[in-house]
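Asks: Here you go, work.csv (CSV, C-alpha atoms):
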```
chain,number,residue,atom,x,y,z
A,1,MET,CA,75.0,56.0,216.8
A,2,LYS,CA,73.5,56.4,220.3
A,3,GLN,CA,70.2,54.7,220.8
A,4,GLY,CA,67.2,56.9,220.2
A,5,TRP,CA,69.1,59.0,217.7
A,6,HIS,CA,68.5,59.3,213.9
A,7,SER,CA,70.5,60.6,211.0
A,8,GLU,CA,69.0,62.2,208.0
A,9,SER,CA,70.1,64.7,205.3
A,10,ILE,CA,69.5,68.5,205.5
A,11,GLU,CA,67.1,68.3,202.5
A,12,ASP,CA,65.0,65.7,204.3
A,13,LEU,CA,64.7,67.6,207.5
A,14,CYS,CA,65.0,71.3,206.6
A,15,GLU,CA,63.8,74.0,204.3
A,16,VAL,CA,66.8,75.9,202.7
A,17,GLU,CA,66.0,79.6,202.6
A,18,TYR,CA,68.1,81.8,200.3
A,19,GLY,CA,68.8,85.4,201.0
A,20,THR,CA,67.5,88.2,198.6
A,21,ARG,CA,69.7,90.1,196.2
A,22,VAL,CA,70.0,93.8,197.1
A,23,VAL,CA,72.2,96.7,195.9
A,24,ARG,CA,73.6,99.3,198.2
A,25,LYS,CA,73.0,102.2,195.8
A,26,ARG,CA,69.3,101.3,195.3
A,27,ASP,CA,68.3,99.7,198.6
A,28,ALA,CA,70.5,101.3,201.3
A,29,GLY,CA,68.8,102.6,204.5
A,30,THR,CA,69.7,103.2,208.1
A,31,ILE,CA,68.0,100.7,210.4
A,32,TYR,CA,68.8,97.0,209.8
A,33,PRO,CA,72.3,95.6,209.0
A,34,VAL,CA,72.7,93.6,205.8
A,35,TYR,CA,74.5,90.3,206.0
A,36,GLY,CA,75.6,87.8,203.4
A,37,GLY,CA,78.2,85.1,204.2
A,38,GLY,CA,80.4,87.4,206.4
A,39,GLY,CA,80.0,90.5,208.4
A,40,ALA,CA,77.5,93.4,208.0
A,41,THR,CA,78.1,95.5,204.9
A,42,PHE,CA,75.5,98.3,204.9
A,43,SER,CA,72.0,99.0,206.3
A,44,MET,CA,68.4,98.8,205.0
A,45,ASP,CA,65.0,100.0,206.3
A,46,VAL,CA,63.5,96.5,206.0
A,47,TYR,CA,64.5,93.1,207.4
A,48,ASN,CA,63.9,89.5,206.4
A,49,ARG,CA,65.5,87.5,209.2
A,50,GLU,CA,65.7,87.6,213.0
A,51,ASP,CA,68.1,85.7,215.4
A,52,ARG,CA,69.2,83.2,212.8
A,53,MET,CA,72.2,81.1,212.0
A,54,VAL,CA,73.6,82.2,208.6
A,55,ILE,CA,75.5,79.9,206.2
A,56,ALA,CA,77.7,81.6,203.6
A,57,ARG,CA,76.8,80.8,200.0
A,58,PHE,CA,79.2,83.0,198.0
A,59,ALA,CA,82.7,84.2,198.8
A,60,MET,CA,83.0,81.8,201.7
A,61,SER,CA,85.6,82.2,204.4
A,62,LYS,CA,86.7,79.5,206.9
A,63,LYS,CA,84.2,80.9,209.4
A,64,CYS,CA,81.3,80.2,207.1
A,65,VAL,CA,78.6,79.7,209.7
A,66,ARG,CA,77.7,82.5,212.2
A,67,PHE,CA,74.8,83.5,214.4
A,68,VAL,CA,73.3,86.9,213.8
A,69,ASP,CA,71.4,88.5,216.8
A,70,GLY,CA,68.3,90.6,216.2
A,71,LYS,CA,66.6,91.7,213.1
A,72,PHE,CA,68.7,91.9,209.9
A,73,PHE,CA,68.4,91.6,206.1
A,74,LEU,CA,70.0,88.5,204.5
A,75,ASN,CA,71.3,89.1,201.0
A,76,ASP,CA,71.8,86.4,198.4
A,77,SER,CA,75.4,85.6,199.6
A,78,GLY,CA,73.9,83.7,202.5
A,79,LEU,CA,71.2,81.2,203.4
A,80,THR,CA,69.4,80.0,206.4
A,81,ILE,CA,67.7,76.7,207.2
A,82,SER,CA,64.5,75.9,209.2
A,83,PRO,CA,63.0,72.5,210.3
A,84,LEU,CA,60.3,71.2,208.0
A,85,ASP,CA,58.5,69.9,211.1
A,86,GLY,CA,58.9,71.9,214.3
A,87,ASN,CA,57.5,69.0,216.3
A,88,THR,CA,60.4,66.8,215.1
A,89,PHE,CA,63.4,69.2,215.0
A,90,ASP,CA,64.0,72.1,217.3
A,91,GLN,CA,65.3,75.3,215.7
A,92,ASP,CA,67.8,76.1,218.4
A,93,PHE,CA,69.1,72.5,218.3
A,94,LEU,CA,69.4,72.9,214.5
A,95,ASN,CA,71.3,76.2,214.9
A,96,TYR,CA,73.9,74.5,217.2
A,97,HIS,CA,74.2,71.5,214.9
A,98,ILE,CA,74.9,73.6,211.8
A,99,LEU,CA,77.5,75.5,213.8
A,100,SER,CA,79.2,72.2,214.7
A,101,LEU,CA,79.4,71.4,211.0
A,102,ASN,CA,81.2,74.7,210.0
A,103,ASP,CA,84.4,72.9,208.9
A,104,GLU,CA,82.5,70.2,206.9
A,105,ILE,CA,80.4,72.9,205.2
A,106,TYR,CA,83.5,74.9,204.3
A,107,SER,CA,85.0,71.7,202.7
A,108,LEU,CA,82.1,71.8,200.3
A,109,ALA,CA,83.3,75.2,198.8
A,110,ARG,CA,84.2,75.2,195.2
A,111,GLY,CA,86.4,77.7,193.3
A,112,THR,CA,89.9,79.2,193.7
A,113,ALA,CA,89.7,83.0,193.6
A,114,GLN,CA,86.3,82.9,195.2
A,115,LYS,CA,84.9,79.9,197.1
A,116,ASN,CA,81.2,79.3,196.7
A,117,LEU,CA,79.1,76.7,198.4
A,118,ASN,CA,78.1,73.6,196.5
A,119,VAL,CA,74.5,73.8,197.6
A,120,ASP,CA,73.5,70.4,196.2
A,121,ALA,CA,76.3,68.8,198.4
A,122,PHE,CA,75.3,70.9,201.3
A,123,LYS,CA,71.7,69.5,201.1
A,124,LYS,CA,73.1,66.0,201.4
A,125,VAL,CA,75.0,66.7,204.7
A,126,LYS,CA,73.7,64.4,207.4
A,127,LEU,CA,72.2,65.7,210.7
A,128,SER,CA,72.2,63.5,213.8
A,129,TYR,CA,69.5,64.1,216.3
A,130,PRO,CA,67.6,62.4,219.2
A,131,THR,CA,64.0,61.6,218.2
A,132,SER,CA,62.8,63.1,221.5
A,133,LEU,CA,62.2,66.8,221.2
A,134,GLU,CA,62.6,67.2,224.9
A,135,GLU,CA,66.1,65.7,224.7
A,136,GLN,CA,67.0,68.2,221.9
A,137,LYS,CA,65.9,71.0,224.2
A,138,GLN,CA,68.0,69.6,227.1
A,139,ILE,CA,71.1,69.5,224.9
A,140,VAL,CA,70.4,73.1,223.8
A,141,ALA,CA,70.1,74.2,227.5
A,142,LYS,CA,73.4,72.5,228.3
A,143,LEU,CA,75.1,74.2,225.3
A,144,ASP,CA,73.7,77.6,226.2
A,145,GLN,CA,75.2,77.2,229.7
A,146,CYS,CA,78.6,76.0,228.4
A,147,PHE,CA,78.8,78.7,225.7
A,148,GLU,CA,77.8,81.5,228.1
A,149,ALA,CA,80.7,80.6,230.4
A,150,ILE,CA,83.1,80.3,227.5
A,151,ASP,CA,82.0,83.6,225.9
A,152,LYS,CA,82.6,85.3,229.3
A,153,ALA,CA,86.1,83.8,229.4
A,154,LYS,CA,86.7,84.9,225.8
A,155,ALA,CA,85.6,88.4,226.6
A,156,ASN,CA,88.0,88.6,229.5
A,157,ALA,CA,90.9,87.2,227.4
A,158,ALA,CA,90.1,89.6,224.6
A,159,LYS,CA,90.1,92.5,227.0
A,160,ASN,CA,93.4,91.4,228.5
A,161,LEU,CA,94.8,91.2,225.0
A,162,GLU,CA,93.6,94.7,224.2
A,163,ASN,CA,95.1,96.0,227.5
A,164,ALA,CA,98.5,94.5,226.7
A,165,LYS,CA,98.5,96.2,223.3
A,166,GLU,CA,97.4,99.5,224.8
A,167,LEU,CA,100.1,99.3,227.5
A,168,PHE,CA,102.8,99.4,224.8
A,169,GLN,CA,101.1,102.1,222.8
A,170,SER,CA,100.6,104.3,225.9
A,171,LYS,CA,104.3,104.0,226.7
A,172,LEU,CA,105.2,105.1,223.2
A,173,ASN,CA,102.8,108.1,223.4
A,174,ASN,CA,104.3,109.2,226.7
A,175,ILE,CA,107.9,109.0,225.4
A,176,PHE,CA,107.3,110.8,222.1
A,177,SER,CA,105.4,113.6,223.8
A,178,GLN,CA,108.2,114.5,226.2
A,179,LYS,CA,109.9,117.9,226.1
A,180,GLY,CA,112.3,119.7,228.4
A,181,GLU,CA,115.9,119.8,229.3
A,182,GLY,CA,118.0,117.5,227.1
A,183,TRP,CA,115.2,117.1,224.6
A,184,VAL,CA,114.5,118.8,221.3
A,185,GLU,CA,111.5,118.9,218.9
A,186,LYS,CA,112.3,118.8,215.2
A,187,LYS,CA,110.5,118.3,212.0
A,188,LEU,CA,110.6,114.6,211.1
A,189,LEU,CA,112.1,115.3,207.7
A,190,ASP,CA,115.0,117.1,209.4
A,191,VAL,CA,116.2,113.9,211.0
A,192,CYS,CA,115.4,111.4,208.3
A,193,SER,CA,115.0,111.1,204.5
A,194,LEU,CA,112.3,109.2,202.6
A,195,LYS,CA,112.9,106.7,199.8
A,196,SER,CA,110.2,105.0,197.7
A,197,GLY,CA,110.5,101.4,196.5
A,198,THR,CA,110.9,100.5,192.9
A,199,THR,CA,109.3,98.2,190.4
A,200,ILE,CA,111.2,95.0,189.7
A,201,ALA,CA,110.4,92.6,186.9
A,202,LYS,CA,108.9,89.4,188.3
A,203,SER,CA,111.3,87.4,186.1
A,204,LEU,CA,114.2,88.7,188.2
A,205,GLU,CA,112.8,87.4,191.5
A,206,LYS,CA,114.5,84.3,193.0
A,207,GLY,CA,114.1,82.0,195.9
A,208,PHE,CA,117.7,82.8,196.9
A,209,GLY,CA,120.0,85.7,195.9
A,210,ASP,CA,122.2,88.6,197.0
A,211,ILE,CA,119.6,90.9,198.5
A,212,ALA,CA,116.1,90.5,199.9
A,213,TYR,CA,113.2,91.9,197.8
A,214,ILE,CA,110.3,93.0,200.0
A,215,LYS,CA,106.7,93.4,199.1
A,216,VAL,CA,103.9,94.4,201.4
A,217,ALA,CA,102.8,90.8,201.5
A,218,ASP,CA,106.2,89.8,202.9
A,219,MET,CA,105.6,92.1,205.9
A,220,ASN,CA,102.9,89.7,207.0
A,221,ILE,CA,105.0,86.6,207.3
A,222,GLU,CA,107.7,87.8,209.7
A,223,GLU,CA,107.9,85.9,212.9
A,224,ASN,CA,109.3,89.0,214.5
A,225,LEU,CA,106.4,91.5,214.0
A,226,PHE,CA,108.8,94.5,214.4
A,227,SER,CA,111.6,93.7,212.0
A,228,ILE,CA,112.4,92.3,208.6
A,229,THR,CA,115.2,89.7,208.8
A,230,THR,CA,114.3,87.6,205.7
A,231,SER,CA,112.1,87.4,202.7
A,232,SER,CA,110.4,85.0,200.4
A,233,ARG,CA,112.0,86.8,197.4
A,234,TYR,CA,115.6,87.7,196.5
A,235,LEU,CA,117.4,89.6,193.7
A,236,ASP,CA,121.0,89.4,192.4
A,237,PHE,CA,123.1,92.6,192.6
A,238,LYS,CA,123.6,92.6,188.9
A,239,ASP,CA,119.9,93.1,188.3
A,240,ILE,CA,119.3,96.1,190.5
A,241,ASN,CA,120.5,99.7,190.8
A,242,GLU,CA,122.5,100.3,194.0
A,243,ARG,CA,120.5,103.5,194.7
A,244,ASN,CA,117.3,101.4,195.1
A,245,ILE,CA,118.7,99.5,198.0
A,246,PHE,CA,117.4,100.4,201.5
A,247,PRO,CA,120.2,100.2,204.1
A,248,ILE,CA,120.0,98.4,207.4
A,249,GLY,CA,117.9,100.3,209.9
A,250,THR,CA,115.5,101.7,207.3
A,251,VAL,CA,111.9,101.9,208.7
A,252,ILE,CA,109.7,100.5,205.9
A,253,PHE,CA,105.9,100.8,205.6
A,254,PRO,CA,103.2,100.5,202.9
A,255,LYS,CA,102.3,103.7,201.1
A,256,ARG,CA,99.2,103.1,199.0
A,257,GLY,CA,95.9,101.3,198.9
A,258,GLY,CA,94.2,99.1,201.5
A,259,ALA,CA,97.6,98.0,202.8
A,260,ILE,CA,97.9,101.4,204.6
A,261,ALA,CA,95.0,100.4,206.8
A,262,THR,CA,96.9,97.4,208.2
A,263,ASN,CA,99.4,99.9,209.6
A,264,LYS,CA,102.4,97.7,209.2
A,265,LYS,CA,105.8,99.3,210.0
A,266,ARG,CA,109.0,97.3,210.1
A,267,ILE,CA,112.7,98.0,210.6
A,268,THR,CA,115.1,96.3,208.2
A,269,ASN,CA,117.9,94.3,209.9
A,270,ILE,CA,119.3,93.5,206.4
A,271,PRO,CA,119.8,95.6,203.3
A,272,ILE,CA,116.7,95.2,201.1
A,273,CYS,CA,115.2,96.3,197.8
A,274,ALA,CA,111.4,97.1,198.1
A,275,ASP,CA,108.6,97.3,195.6
A,276,LEU,CA,106.7,100.5,194.6
A,277,ASN,CA,103.9,100.0,197.1
A,278,THR,CA,106.4,100.6,200.0
A,279,MET,CA,108.3,103.6,201.4
A,280,GLY,CA,111.3,103.7,203.7
A,281,ALA,CA,112.5,106.3,206.3
A,282,ILE,CA,116.2,106.4,206.6
A,283,ALA,CA,117.7,107.9,209.8
A,284,SER,CA,120.2,110.6,209.7
A,285,ASP,CA,123.2,110.7,212.1
A,286,GLN,CA,121.0,112.8,214.5
A,287,ILE,CA,118.7,109.9,215.4
A,288,ALA,CA,119.1,106.2,216.2
A,289,PRO,CA,117.3,104.1,213.5
A,290,GLU,CA,115.5,102.1,216.3
A,291,TYR,CA,114.3,105.3,217.9
A,292,LEU,CA,112.9,106.4,214.6
A,293,HIS,CA,111.2,103.0,214.2
A,294,TYR,CA,109.4,103.3,217.6
A,295,TYR,CA,108.3,106.8,216.6
A,296,PHE,CA,106.6,105.3,213.5
A,297,LEU,CA,105.0,102.6,215.6
A,298,GLY,CA,103.3,105.4,217.7
A,299,PHE,CA,101.0,106.8,215.0
A,300,ASN,CA,98.5,105.6,212.4
A,301,LEU,CA,99.5,105.9,208.8
A,302,LEU,CA,95.9,106.6,207.9
A,303,ASP,CA,96.1,109.9,209.7
A,304,ILE,CA,98.5,111.2,207.1
A,305,ALA,CA,97.2,109.4,204.0
A,306,ASN,CA,95.4,111.3,201.2
A,307,GLY,CA,93.2,110.5,198.3
A,308,THR,CA,89.6,109.4,197.9
A,309,THR,CA,89.4,106.3,195.7
A,310,ILE,CA,92.9,105.0,196.7
A,311,LEU,CA,94.5,106.2,199.9
A,312,GLN,CA,98.2,107.0,199.4
A,313,ILE,CA,101.2,108.4,201.3
A,314,ASN,CA,103.6,110.7,199.6
A,315,ASN,CA,106.7,112.6,200.7
A,316,TYR,CA,104.7,115.7,201.5
A,317,SER,CA,102.4,113.7,203.8
A,318,PHE,CA,105.2,114.0,206.4
A,319,ASP,CA,105.7,117.8,206.0
A,320,ASN,CA,103.9,118.7,209.2
A,321,LEU,CA,105.1,115.9,211.4
A,322,LYS,CA,107.4,116.6,214.3
A,323,ILE,CA,109.4,114.3,216.6
A,324,SER,CA,110.7,114.8,220.1
A,325,LEU,CA,114.0,113.2,220.9
A,326,PRO,CA,116.9,113.4,223.3
A,327,ILE,CA,119.8,115.4,221.9
A,328,GLU,CA,122.2,112.8,223.1
A,329,TYR,CA,122.4,109.8,220.9
A,330,GLU,CA,123.2,107.5,223.8
A,331,ARG,CA,120.0,108.6,225.6
A,332,GLN,CA,118.0,107.7,222.5
A,333,LYS,CA,119.6,104.2,222.7
A,334,ASP,CA,118.7,103.9,226.4
A,335,ILE,CA,115.0,104.6,225.5
A,336,VAL,CA,115.2,102.1,222.7
A,337,ASN,CA,116.4,99.4,225.1
A,338,LEU,CA,113.6,100.3,227.6
A,339,LEU,CA,111.0,100.0,224.8
A,340,SER,CA,112.5,96.8,223.5
A,341,LYS,CA,112.1,95.2,226.9
A,342,LEU,CA,108.6,96.4,227.2
A,343,LYS,CA,107.9,95.2,223.7
A,344,GLU,CA,109.1,91.7,224.6
A,345,GLN,CA,106.9,91.7,227.7
A,346,THR,CA,103.8,92.8,225.9
A,347,GLN,CA,104.4,90.4,223.1
A,348,SER,CA,104.6,87.6,225.6
A,349,LEU,CA,101.3,88.7,227.2
A,350,GLU,CA,99.6,89.1,223.8
A,351,SER,CA,100.8,85.6,222.8
A,352,LYS,CA,99.4,84.2,226.1
A,353,TYR,CA,96.0,85.8,225.8
A,354,GLN,CA,95.8,84.9,222.1
A,355,GLN,CA,96.5,81.3,222.9
A,356,GLU,CA,93.9,81.4,225.6
A,357,LEU,CA,91.3,82.7,223.0
A,358,ASN,CA,92.3,80.0,220.6
A,359,SER,CA,92.0,77.3,223.3
A,360,LEU,CA,88.5,78.5,224.2
A,361,GLU,CA,87.4,78.4,220.6
A,362,GLU,CA,88.7,74.8,220.3
A,363,LEU,CA,86.8,74.0,223.5
A,364,LYS,CA,83.7,75.2,221.9
A,365,LYS,CA,84.3,72.9,218.9
A,366,SER,CA,85.0,70.0,221.2
A,367,ILE,CA,81.8,70.5,223.2
A,368,LEU,CA,79.7,70.8,220.0
A,369,GLN,CA,81.2,67.6,218.6
A,370,LYS,CA,80.4,65.7,221.7
A,371,ALA,CA,76.9,67.1,221.8
A,372,PHE,CA,76.0,65.8,218.3
A,373,GLU,CA,77.6,62.5,218.9
A,374,GLY,CA,75.2,62.1,221.8
A,375,GLU,CA,78.0,62.3,224.5
A,376,LEU,CA,77.1,65.6,226.2
```
I'd like the structure from this file rewritten - as structure tokens, please.

Replies:
Amino acid sequence: MKQGWHSESIEDLCEVEYGTRVVRKRDAGTIYPVYGGGGATFSMDVYNREDRMVIARFAMSKKCVRFVDGKFFLNDSGLTISPLDGNTFDQDFLNYHILSLNDEIYSLARGTAQKNLNVDAFKKVKLSYPTSLEEQKQIVAKLDQCFEAIDKAKANAAKNLENAKELFQSKLNNIFSQKGEGWVEKKLLDVCSLKSGTTIAKSLEKGFGDIAYIKVADMNIEENLFSITTSSRYLDFKDINERNIFPIGTVIFPKRGGAIATNKKRITNIPICADLNTMGAIASDQIAPEYLHYYFLGFNLLDIANGTTILQINNYSFDNLKISLPIEYERQKDIVNLLSKLKEQTQSLESKYQQELNSLEELKKSILQKAFEGEL
């Protein structure tokens, strides 16, 4: 350890301050956000913390340490820590130090379905610090300067990422709002049919088989975010009814529950069977399947969902939807080719900006590590 630095446990240097249990139905208000170990959940009219670094206690995620600006209420899913002696340990220095230990703190989580902090182990975590309070403040000043520059760069990268996504969406909107010579507007259900998935016994699922079996979860793992080309589950033909098979070119999407909010829509490049939480749109001979797919990419499924407790999409959810399309099939294919090229370009930009964001986050971690090894 660098000369002039000490190392002691959290329990020897800090006071551990637990949040307070509150209930939305009883305690909800409108002024101050309520935080636990994650993002804000609801609001209250009182607060118990201000400008503090919060450590998740229950239901921990990998980002288990976060700074919350301003006044807020901390519930019992989170905790904060303060120096026992403000003349020995600076609060801002402590905040940065705890942030640098995010991964170590997450490693102390216990549980499978829900990860909760082992508080006793957390209290034993070692903190390294210079004995000089002035040196602590100097380190904080350097970190403030570095993080301000990094946060500006992240904001620019995030804006560029959003612009890349909006570029593609804008092009979709322009195309599917076209009307005029050579174009026709039809009811969506006049140019495609809808098919719901079916329930398959788990005992019939295999790692390899005759036909891919798709669940909503499988729509997350595709490398190509626009199409389904493989699956983690398969079925044998002898175990399924042929009428439950979705043909190549079917546009598949989730139809109930929270999955609708993720707004996934994929086109199948292989014949598949799908579970009951999914629905497929099968193109007629009037419309190119890929054109239909891009149409689906242009709107939010939540806009047509119904229900209160559980959002759901049914066949009649599509009754009032219309689609503009060129009458000539080949013209539809030309538009598909144009959109496919634009998709590739925007995906490349999105990948670039996302990688930039990831690199900036790693830079933050590297700087924090050096700071608390006395190398900043």

Asks: If you measure from atom CA of A:Lys215 to atom CA of A:Ala274, what distance in Å do you get, rounded to one decimal?

Replies: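 Atom CA of A:Ala274 lies 6.1 Å from atom CA of A:Lys215.
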
Asks: Could you please determine the separation between atom CA of A:Ile214 and atom CA of A:Thr308 in Å, to one decimal place?

Replies: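 If I compute the distance from atom CA of A:Ile214 to atom CA of A:Thr308, I get 26.5 Å.
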
Asks: Neighbours of A:Leu297 within 12 Å (all atoms listed in the file; same-chain residues fewer than 6 positions away dropped), as a VMD selection string?

Replies: chain A and resid 165 168 to 173 176 225 to 227 251 to 253 263 to 267 290 to 291 339 343

Asks: Given the point (63.5, 72.6, 208.1) in the file's coordinates, find the residues that have an atom at most 7 Å from it, counting all atoms listed in the file, and give them as a ChimeraX atom specification.

Replies: /A:13-15,81-85

Asks: Using all atoms listed in the file, which of A:Pro130, A:Gly111, A:Pro33, A:Gly182 sits nearest A:Ala371?

Replies: A:Pro130

Asks: Might you pull out every residue within 10 Å of stretch 67-79 of chain A, with all atoms listed in the file counted and same-chain residues fewer than 5 positions away left off, and present them as a PDB file with C-alpha atoms, in the coordinates of the input?

Replies:
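Output saved as selection-v6.pdb:
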```
ATOM      1  CA  VAL A  16      66.800  75.900 202.700  1.00  0.00           C
ATOM      2  CA  GLU A  17      66.000  79.600 202.600  1.00  0.00           C
ATOM      3  CA  TYR A  18      68.100  81.800 200.300  1.00  0.00           C
ATOM      4  CA  GLY A  19      68.800  85.400 201.000  1.00  0.00           C
ATOM      5  CA  THR A  20      67.500  88.200 198.600  1.00  0.00           C
ATOM      6  CA  ARG A  21      69.700  90.100 196.200  1.00  0.00           C
ATOM      7  CA  VAL A  22      70.000  93.800 197.100  1.00  0.00           C
ATOM      8  CA  VAL A  23      72.200  96.700 195.900  1.00  0.00           C
ATOM      9  CA  ILE A  31      68.000 100.700 210.400  1.00  0.00           C
ATOM     10  CA  TYR A  32      68.800  97.000 209.800  1.00  0.00           C
ATOM     11  CA  PRO A  33      72.300  95.600 209.000  1.00  0.00           C
ATOM     12  CA  VAL A  34      72.700  93.600 205.800  1.00  0.00           C
ATOM     13  CA  TYR A  35      74.500  90.300 206.000  1.00  0.00           C
ATOM     14  CA  GLY A  36      75.600  87.800 203.400  1.00  0.00           C
ATOM     15  CA  GLY A  37      78.200  85.100 204.200  1.00  0.00           C
ATOM     16  CA  GLY A  38      80.400  87.400 206.400  1.00  0.00           C
ATOM     17  CA  GLY A  39      80.000  90.500 208.400  1.00  0.00           C
ATOM     18  CA  ALA A  40      77.500  93.400 208.000  1.00  0.00           C
ATOM     19  CA  PHE A  42      75.500  98.300 204.900  1.00  0.00           C
ATOM     20  CA  SER A  43      72.000  99.000 206.300  1.00  0.00           C
ATOM     21  CA  MET A  44      68.400  98.800 205.000  1.00  0.00           C
ATOM     22  CA  ASP A  45      65.000 100.000 206.300  1.00  0.00           C
ATOM     23  CA  VAL A  46      63.500  96.500 206.000  1.00  0.00           C
ATOM     24  CA  TYR A  47      64.500  93.100 207.400  1.00  0.00           C
ATOM     25  CA  ASN A  48      63.900  89.500 206.400  1.00  0.00           C
ATOM     26  CA  ARG A  49      65.500  87.500 209.200  1.00  0.00           C
ATOM     27  CA  GLU A  50      65.700  87.600 213.000  1.00  0.00           C
ATOM     28  CA  ASP A  51      68.100  85.700 215.400  1.00  0.00           C
ATOM     29  CA  ARG A  52      69.200  83.200 212.800  1.00  0.00           C
ATOM     30  CA  MET A  53      72.200  81.100 212.000  1.00  0.00           C
ATOM     31  CA  VAL A  54      73.600  82.200 208.600  1.00  0.00           C
ATOM     32  CA  ILE A  55      75.500  79.900 206.200  1.00  0.00           C
ATOM     33  CA  ALA A  56      77.700  81.600 203.600  1.00  0.00           C
ATOM     34  CA  ARG A  57      76.800  80.800 200.000  1.00  0.00           C
ATOM     35  CA  PHE A  58      79.200  83.000 198.000  1.00  0.00           C
ATOM     36  CA  ALA A  59      82.700  84.200 198.800  1.00  0.00           C
ATOM     37  CA  MET A  60      83.000  81.800 201.700  1.00  0.00           C
ATOM     38  CA  ASN A  95      71.300  76.200 214.900  1.00  0.00           C
ATOM     39  CA  TYR A  96      73.900  74.500 217.200  1.00  0.00           C
ATOM     40  CA  LEU A  99      77.500  75.500 213.800  1.00  0.00           C
ATOM     41  CA  ASN A 116      81.200  79.300 196.700  1.00  0.00           C
ATOM     42  CA  LEU A 117      79.100  76.700 198.400  1.00  0.00           C
ATOM     43  CA  VAL A 119      74.500  73.800 197.600  1.00  0.00           C
TER      44      VAL A 119
END
```

Asks: Which one is closest to A:Ala305: A:Lys255, A:Lys333, A:Lys179, A:Lys238? Count all atoms listed in the file.

Replies: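 Looking at the shortest contact to A:Ala305, the residue is A:Lys255.
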
Asks: Hey, which of A:Ile272, A:Leu302, A:Glu350, A:Gln332 ends up closest to A:Pro289? Count all atoms listed in the file.

Replies: A:Gln332

Asks: What gap, in Å, lies between atom CA of A:Ala212 and atom CA of A:Lys195?

Replies: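 These two atoms are separated by 16.5 Å.
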
Asks: Tell me which protein, DNA and RNA residues are within 12 Å of A:Ala164, counting only C-alpha atoms, leaving out same-chain ones fewer than 4 positions away, and put them as a PyMOL selection string.

Replies: chain A and resi 157-160+168-171+342-354

Asks: Which polymer residues have any atom within 7 Å of an atom of stretch 185-191 of chain A, counting all atoms listed in the file, with same-chain residues fewer than 2 positions away left out, as JSON, numbers by chain?

Replies: {"A": [193, 283, 284, 286, 287, 321, 322, 323, 324, 325]}

Asks: Could you take the residues named above and write them with C-alpha atoms, as a JSON list (two decimals), in the coordinates of the input?

Replies:
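Result file result_19.json:
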```json
[["chain", "number", "residue", "atom", "x", "y", "z"],
["A", 193, "SER", "CA", 115.00, 111.10, 204.50],
["A", 283, "ALA", "CA", 117.70, 107.90, 209.80],
["A", 284, "SER", "CA", 120.20, 110.60, 209.70],
["A", 286, "GLN", "CA", 121.00, 112.80, 214.50],
["A", 287, "ILE", "CA", 118.70, 109.90, 215.40],
["A", 321, "LEU", "CA", 105.10, 115.90, 211.40],
["A", 322, "LYS", "CA", 107.40, 116.60, 214.30],
["A", 323, "ILE", "CA", 109.40, 114.30, 216.60],
["A", 324, "SER", "CA", 110.70, 114.80, 220.10],
["A", 325, "LEU", "CA", 114.00, 113.20, 220.90]]
```

Asks: From the list A:Lys154, A:Arg256, A:Pro271, A:Ser107, which residue is nearest A:Thr309 when using all atoms listed in the file?

Replies: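 Ranked by minimum distance to A:Thr309, first place goes to A:Arg256.
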